[in-house]
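With PDB, C-alpha atoms inside, this is run24.pdb:
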```pdb
ATOM      1  CA  MET E   3       0.000   0.000   0.000
ATOM      2  CA  GLU E   4       1.578   3.209  -1.172
ATOM      3  CA  ARG E   5      -0.865   5.876   0.030
ATOM      4  CA  SER E   6      -0.745   6.969   3.672
ATOM      5  CA  TYR E   7      -3.952   8.204   5.270
ATOM      6  CA  ARG E   8      -2.861   8.171   8.926
ATOM      7  CA  SER E   9      -0.287  10.932   9.334
ATOM      8  CA  THR E  10       0.024  14.480   8.069
ATOM      9  CA  MET E  11       2.050  15.329   4.975
ATOM     10  CA  GLU E  12       4.854  16.736   7.120
ATOM     11  CA  ILE E  13       5.166  13.547   9.164
ATOM     12  CA  ILE E  14       5.086  11.286   6.103
ATOM     13  CA  ARG E  15       7.673  13.378   4.273
ATOM     14  CA  PHE E  16       9.934  13.219   7.342
ATOM     15  CA  ALA E  17       9.404   9.447   7.667
ATOM     16  CA  ASN E  18      10.232   9.032   3.964
ATOM     17  CA  VAL E  19      13.576  10.773   4.579
ATOM     18  CA  VAL E  20      14.295   8.258   7.361
ATOM     19  CA  LEU E  21      13.464   5.320   5.121
ATOM     20  CA  SER E  22      15.404   6.577   2.097
ATOM     21  CA  ARG E  23      18.555   7.165   4.175
ATOM     22  CA  GLY E  24      18.504   3.671   5.624
ATOM     23  CA  ILE E  25      17.188   1.862   2.555
ATOM     24  CA  PRO E  26      18.203   3.642  -0.656
ATOM     25  CA  GLY E  27      15.568   3.087  -3.332
ATOM     26  CA  ALA E  28      12.868   2.081  -0.824
ATOM     27  CA  MET E  29       9.285   2.722  -1.879
ATOM     28  CA  GLN E  30       8.089   6.050  -0.478
ATOM     29  CA  ALA E  31       4.686   6.559   1.105
ATOM     30  CA  VAL E  32       2.470   9.085  -0.662
ATOM     31  CA  PRO E  33       0.621  11.255   1.867
ATOM     32  CA  VAL E  34      -2.934  12.390   1.348
ATOM     33  CA  PHE E  35      -3.222  16.150   1.361
ATOM     34  CA  ARG E  36      -3.648  16.741   5.073
ATOM     35  CA  SER E  37      -1.239  19.352   6.284
ATOM     36  CA  GLY E  38      -0.356  19.943   9.918
ATOM     37  CA  GLU E  39       2.389  21.013  12.272
ATOM     38  CA  LYS E  40       6.014  20.745  11.233
ATOM     39  CA  VAL E  41       7.941  17.870  12.792
ATOM     40  CA  LYS E  42       9.818  19.228  15.810
ATOM     41  CA  VAL E  43      13.428  18.046  16.029
ATOM     42  CA  VAL E  44      14.517  18.983  19.551
ATOM     43  CA  ARG E  45      18.114  18.945  20.725
ATOM     44  CA  HIS E  46      18.277  18.885  24.505
ATOM     45  CA  MET E  47      21.259  19.258  26.775
ATOM     46  CA  PRO E  48      22.787  16.062  28.195
ATOM     47  CA  GLY E  49      21.107  15.272  31.493
ATOM     48  CA  LYS E  50      17.943  17.188  30.532
ATOM     49  CA  ARG E  51      16.161  14.376  28.675
ATOM     50  CA  THR E  52      13.432  13.772  31.279
ATOM     51  CA  GLU E  53      12.828  17.506  31.657
ATOM     52  CA  THR E  54      12.514  17.926  27.875
ATOM     53  CA  ILE E  55      10.186  14.930  27.524
ATOM     54  CA  ALA E  56       8.022  16.162  30.415
ATOM     55  CA  ARG E  57       7.768  19.628  28.852
ATOM     56  CA  ALA E  58       6.773  18.158  25.475
ATOM     57  CA  VAL E  59       4.191  15.824  27.044
ATOM     58  CA  ARG E  60       2.644  18.625  29.110
ATOM     59  CA  LYS E  61       2.409  20.869  26.055
ATOM     60  CA  LEU E  62       0.818  18.127  23.947
ATOM     61  CA  THR E  63      -1.693  16.981  26.579
ATOM     62  CA  ALA E  64      -2.679  20.575  27.365
ATOM     63  CA  GLY E  65      -3.557  20.977  23.687
ATOM     64  CA  SER E  66      -5.749  18.815  21.499
ATOM     65  CA  ALA E  67      -3.801  15.539  21.842
ATOM     66  CA  SER E  68      -5.790  13.029  23.860
ATOM     67  CA  THR E  69      -3.469  10.131  23.030
ATOM     68  CA  VAL E  70       0.301  10.630  23.289
ATOM     69  CA  ALA E  71       3.133   8.110  23.065
ATOM     70  CA  VAL E  72       6.669   8.468  24.281
ATOM     71  CA  ILE E  73       8.535   5.982  22.120
ATOM     72  CA  GLY E  74      11.929   4.706  23.208
ATOM     73  CA  ARG E  75      14.314   2.276  21.577
ATOM     74  CA  THR E  76      14.284  -0.635  24.055
ATOM     75  CA  GLU E  77      12.096  -2.012  26.834
ATOM     76  CA  PRO E  78      14.703  -1.359  29.565
ATOM     77  CA  GLU E  79      15.065   2.262  28.385
ATOM     78  CA  CYS E  80      11.275   2.645  28.399
ATOM     79  CA  ARG E  81      11.068   1.296  31.960
ATOM     80  CA  GLU E  82      13.639   3.930  32.986
ATOM     81  CA  LEU E  83      11.668   6.643  31.161
ATOM     82  CA  HIS E  84       8.461   5.516  32.862
ATOM     83  CA  ALA E  85      10.054   5.724  36.321
ATOM     84  CA  ALA E  86      11.599   9.132  35.549
ATOM     85  CA  LEU E  87       8.292  10.554  34.313
ATOM     86  CA  LEU E  88       6.475   9.252  37.395
ATOM     87  CA  LYS E  89       9.035  11.129  39.526
ATOM     88  CA  ALA E  90       8.228  14.229  37.430
ATOM     89  CA  ASP E  91       4.545  13.738  38.399
ATOM     90  CA  ILE E  92       3.517  12.511  34.940
ATOM     91  CA  SER E  93       1.362   9.404  34.967
ATOM     92  CA  ALA E  94       1.683   7.072  31.982
ATOM     93  CA  THR E  95       1.010   3.493  30.984
ATOM     94  CA  LEU E  96       4.104   1.434  30.220
ATOM     95  CA  ILE E  97       3.566  -0.930  27.310
ATOM     96  CA  ASP E  98       6.083  -3.767  27.255
ATOM     97  CA  ALA E  99       6.164  -7.455  26.322
ATOM     98  CA  SER E 100       4.207  -8.398  29.454
ATOM     99  CA  ARG E 101       1.562  -5.718  28.889
ATOM    100  CA  ASN E 102       0.691  -5.179  25.288
ATOM    101  CA  LYS E 103      -2.739  -3.631  25.819
ATOM    102  CA  TYR E 104      -3.121   0.012  24.876
ATOM    103  CA  ASP E 105      -5.482   1.956  27.171
ATOM    104  CA  GLY E 106      -5.249   5.433  25.605
ATOM    105  CA  GLY E 107      -3.977   8.573  27.286
ATOM    106  CA  LEU E 108      -0.206   8.785  27.730
ATOM    107  CA  SER E 109       1.777   5.654  26.941
ATOM    108  CA  ILE E 110       5.451   4.763  26.959
ATOM    109  CA  VAL E 111       6.316   2.088  24.436
ATOM    110  CA  PRO E 112       9.447   0.628  22.852
ATOM    111  CA  VAL E 113       9.548   1.197  19.121
ATOM    112  CA  HIS E 114       9.446  -2.521  18.297
ATOM    113  CA  LEU E 115       6.026  -2.802  19.998
ATOM    114  CA  ALA E 116       4.546   0.357  18.453
ATOM    115  CA  LYS E 117       3.622  -1.082  15.059
ATOM    116  CA  GLY E 118      -0.140  -1.097  14.577
ATOM    117  CA  LEU E 119      -0.750   1.599  17.204
ATOM    118  CA  GLU E 120      -1.608   5.220  16.486
ATOM    119  CA  PHE E 121      -1.534   8.318  18.651
ATOM    120  CA  ASP E 122      -2.517  11.953  18.231
ATOM    121  CA  ALA E 123       1.093  12.839  19.066
ATOM    122  CA  VAL E 124       4.395  10.998  19.415
ATOM    123  CA  VAL E 125       7.577  11.959  21.237
ATOM    124  CA  LEU E 126      10.466   9.866  19.905
ATOM    125  CA  VAL E 127      13.408   9.885  22.315
ATOM    126  CA  ASP E 128      17.120   9.290  21.807
ATOM    127  CA  VAL E 129      17.072   9.719  18.034
ATOM    128  CA  ASP E 130      20.849   9.872  17.910
ATOM    129  CA  ARG E 131      23.622   7.943  16.172
ATOM    130  CA  ALA E 132      24.005   5.521  19.104
ATOM    131  CA  HIS E 133      20.335   4.458  19.013
ATOM    132  CA  TYR E 134      19.547   4.738  15.283
ATOM    133  CA  GLY E 135      22.372   4.192  12.796
ATOM    134  CA  ALA E 136      22.204   4.496   9.022
ATOM    135  CA  ASN E 137      21.111   0.917   8.374
ATOM    136  CA  GLU E 138      17.975  -0.838   7.168
ATOM    137  CA  HIS E 139      16.907  -2.254  10.547
ATOM    138  CA  ASP E 140      17.149   1.081  12.358
ATOM    139  CA  ALA E 141      15.489   2.916   9.452
ATOM    140  CA  ARG E 142      12.502   0.563   9.535
ATOM    141  CA  LEU E 143      12.120   0.926  13.308
ATOM    142  CA  LEU E 144      12.392   4.712  13.217
ATOM    143  CA  TYR E 145       9.965   4.875  10.278
ATOM    144  CA  VAL E 146       7.424   2.903  12.317
ATOM    145  CA  GLY E 147       7.957   5.234  15.292
ATOM    146  CA  CYS E 148       7.439   8.325  13.153
ATOM    147  CA  THR E 149       4.317   7.056  11.442
ATOM    148  CA  ARG E 150       2.504   6.276  14.718
ATOM    149  CA  ALA E 151       1.779  10.015  15.006
ATOM    150  CA  LEU E 152      -1.450  11.280  13.493
ATOM    151  CA  HIS E 153      -0.938  15.026  13.986
ATOM    152  CA  ASP E 154       2.213  15.935  15.903
ATOM    153  CA  LEU E 155       5.711  14.408  15.961
ATOM    154  CA  TRP E 156       8.553  15.436  18.266
ATOM    155  CA  VAL E 157      12.002  13.906  17.694
ATOM    156  CA  LEU E 158      14.389  14.352  20.648
ATOM    157  CA  HIS E 159      18.147  13.914  20.751
ATOM    158  CA  ALA E 160      21.189  14.984  22.749
ATOM    159  CA  GLY E 161      24.364  15.531  20.798
ATOM    160  CA  GLU E 162      24.563  14.283  17.245
ATOM    161  CA  ARG E 163      21.292  13.441  15.514
ATOM    162  CA  SER E 164      20.852  10.077  13.873
ATOM    163  CA  PRO E 165      22.108  10.110  10.271
ATOM    164  CA  LEU E 166      18.576   9.001   9.362
ATOM    165  CA  VAL E 167      17.184  12.437  10.318
ATOM    166  CA  ALA E 168      20.189  14.742   9.962
ATOM    167  CA  ASP E 169      19.612  17.742   7.695
ATOM    168  CA  ALA E 170      15.923  17.017   7.047
ATOM    169  CA  ASP E 171      14.220  19.675   4.906
ATOM    170  CA  GLU E 172      13.242  22.843   6.779
ATOM    171  CA  GLU E 173      10.012  22.883   4.763
ATOM    172  CA  PHE E 174       8.541  20.214   7.032
ATOM    173  CA  VAL E 175      10.878  20.292  10.053
ATOM    174  CA  ARG E 176      11.377  22.834  12.829
ATOM    175  CA  HIS E 177      14.622  22.578  14.808
ATOM    176  CA  ILE E 178      14.464  23.516  18.481
ATOM    177  CA  GLU E 179      17.204  23.847  21.120
ATOM    178  CA  ALA E 180      15.917  22.948  24.599
TER     179      ALA E 180
END
```

Just dump the structure as structure tokens.
Amino acid sequence: MERSYRSTMEIIRFANVVLSRGIPGAMQAVPVFRSGEKVKVVRHMPGKRTETIARAVRKLTAGSASTVAVIGRTEPECRELHAALLKADISATLIDASRNKYDGGLSIVPVHLAKGLEFDAVVLVDVDRAHYGANEHDARLLYVGCTRALHDLWVLHAGERSPLVADADEEFVRHIEA
């Protein structure tokens, strides 16, 4: 299926960049004409990850997003994120291999379990070279993470961005320093 009806044009165009950098010549999704917010690529200071995630989540849930996902790379990292957000007074459901039911609201989920789910907004964390290299496996995972968002996508990193998202077109991306 070539046509994408789920996400906005900006999100699909960003996700296509991810896929093409990890899998040259890969088939690109064609978005329906549904424009929205630019993808936010947020560089946060080392040690400020939880603070940056909490700020993004609060902003999204105070707006029109009733379902939000914080998507991490691995289950252990997501468990750490869940505990850190609870300490920041943000309640969320952790979805892992033992609990694969999605209840709505705010969820924390590893990217490999996100396929098939959709959220009003997604906050992808640790989108750096260490977590997502320029290879087919990482490109497919990051593509799935990006395309879970219906309306709003935030991509967070500290230090060097993943080569899969580096230098994405300013037409559909807004870079933010946090």

Selection: 8 Å around Val157 of chain E, all atoms listed in the file, excl. self and same-chain fewer than 5 positions, as a compact mmCIF listing (two decimals) with C-alpha atoms, in the frame of the given file:
```txt
# COMPACT_ATOMS: atom_id res chain seq x y z
CA VAL E 41 7.94 17.87 12.79
CA LYS E 42 9.82 19.23 15.81
CA VAL E 43 13.43 18.05 16.03
CA VAL E 44 14.52 18.98 19.55
CA VAL E 125 7.58 11.96 21.24
CA LEU E 126 10.47 9.87 19.90
CA VAL E 127 13.41 9.88 22.32
CA VAL E 129 17.07 9.72 18.03
```

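Look at His84 of chain E: the protein and nucleic acid residues within 12 Å of it, using all atoms listed in the file and passing over chain neighbours fewer than 4 places away, are Thr52, Ile55, Ala56, Ala71, Val72, Ile73, Gly74, Glu77, Pro78, Glu79, Cys80, Leu88, Lys89, Ala90, Asp91, Ile92, Ser93, Ala94, Thr95, Leu96, Ile97, Asp98, Leu108, Ser109, Ile110, Val111 and Pro112 of chain E.
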
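Atom CA of Arg131 of chain E to atom CA of Arg150 of chain E spans 21.2 Å [interatomic distance, one decimal].
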
Proximity to Phe16 of chain E - best of E:Phe174, E:Tyr104, E:Ala64, E:Glu179, only C-alpha atoms: E:Phe174

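Among the candidates E:Gly65, E:Pro165, E:Gly118, E:Gly106, the one nearest to Gly24 of chain E when counting all atoms listed in the file is E:Pro165.
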
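Pairwise distance (atom CA of Ala28 of chain E, atom CA of Gly161 of chain E) equals 27.9 Å.
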
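For the pair atom CA of Asp140 of chain E and atom CA of Met11 of chain E, the separation is 22.0 Å.
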
Padding of 3 Å on every side, edges along x, y and z, all listed atoms of segment 87-91 of chain E included: what centre and edge lengths in Å, to one decimal, does that box have, as JSON?
```
{"center_x": 6.8, "center_y": 11.7, "center_z": 36.9, "size_x": 10.5, "size_y": 11.0, "size_z": 11.2}
```

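Nearest residue to Ala86 of chain E among E:Gly135, E:Ala17, E:His114, E:Glu53 is E:Glu53, counting all atoms listed in the file.
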
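Nearest residue to Ser164 of chain E among E:Asn18, E:Glu82, E:Glu39, E:Arg45 is E:Arg45, counting all atoms listed in the file.
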
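Distance annotation: of E:Met29, E:Val124, E:Leu143, E:Ala99, the residue with the minimal separation from Arg81 of chain E is E:Ala99; atom set is only C-alpha atoms.
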
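Candidate residues E:Ala116, E:Leu152, E:Leu62, E:Glu138 were compared for distance to Gly27 of chain E, and the nearest is E:Glu138, using all atoms listed in the file.
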
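By all atoms listed in the file, and with residues fewer than 6 positions from Gly107 of chain E along its chain excluded, the set lying at most 7 Å from it is E:Ser68, E:Thr69, E:Val70.
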
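Evaluated against this file, the PyMOL selection byres ((chain E and resi 130) around 6) yields E:Asp128, E:Val129, E:Arg131, E:Ala132, E:His133, E:Tyr134, E:His159, E:Glu162, E:Arg163, E:Ser164.
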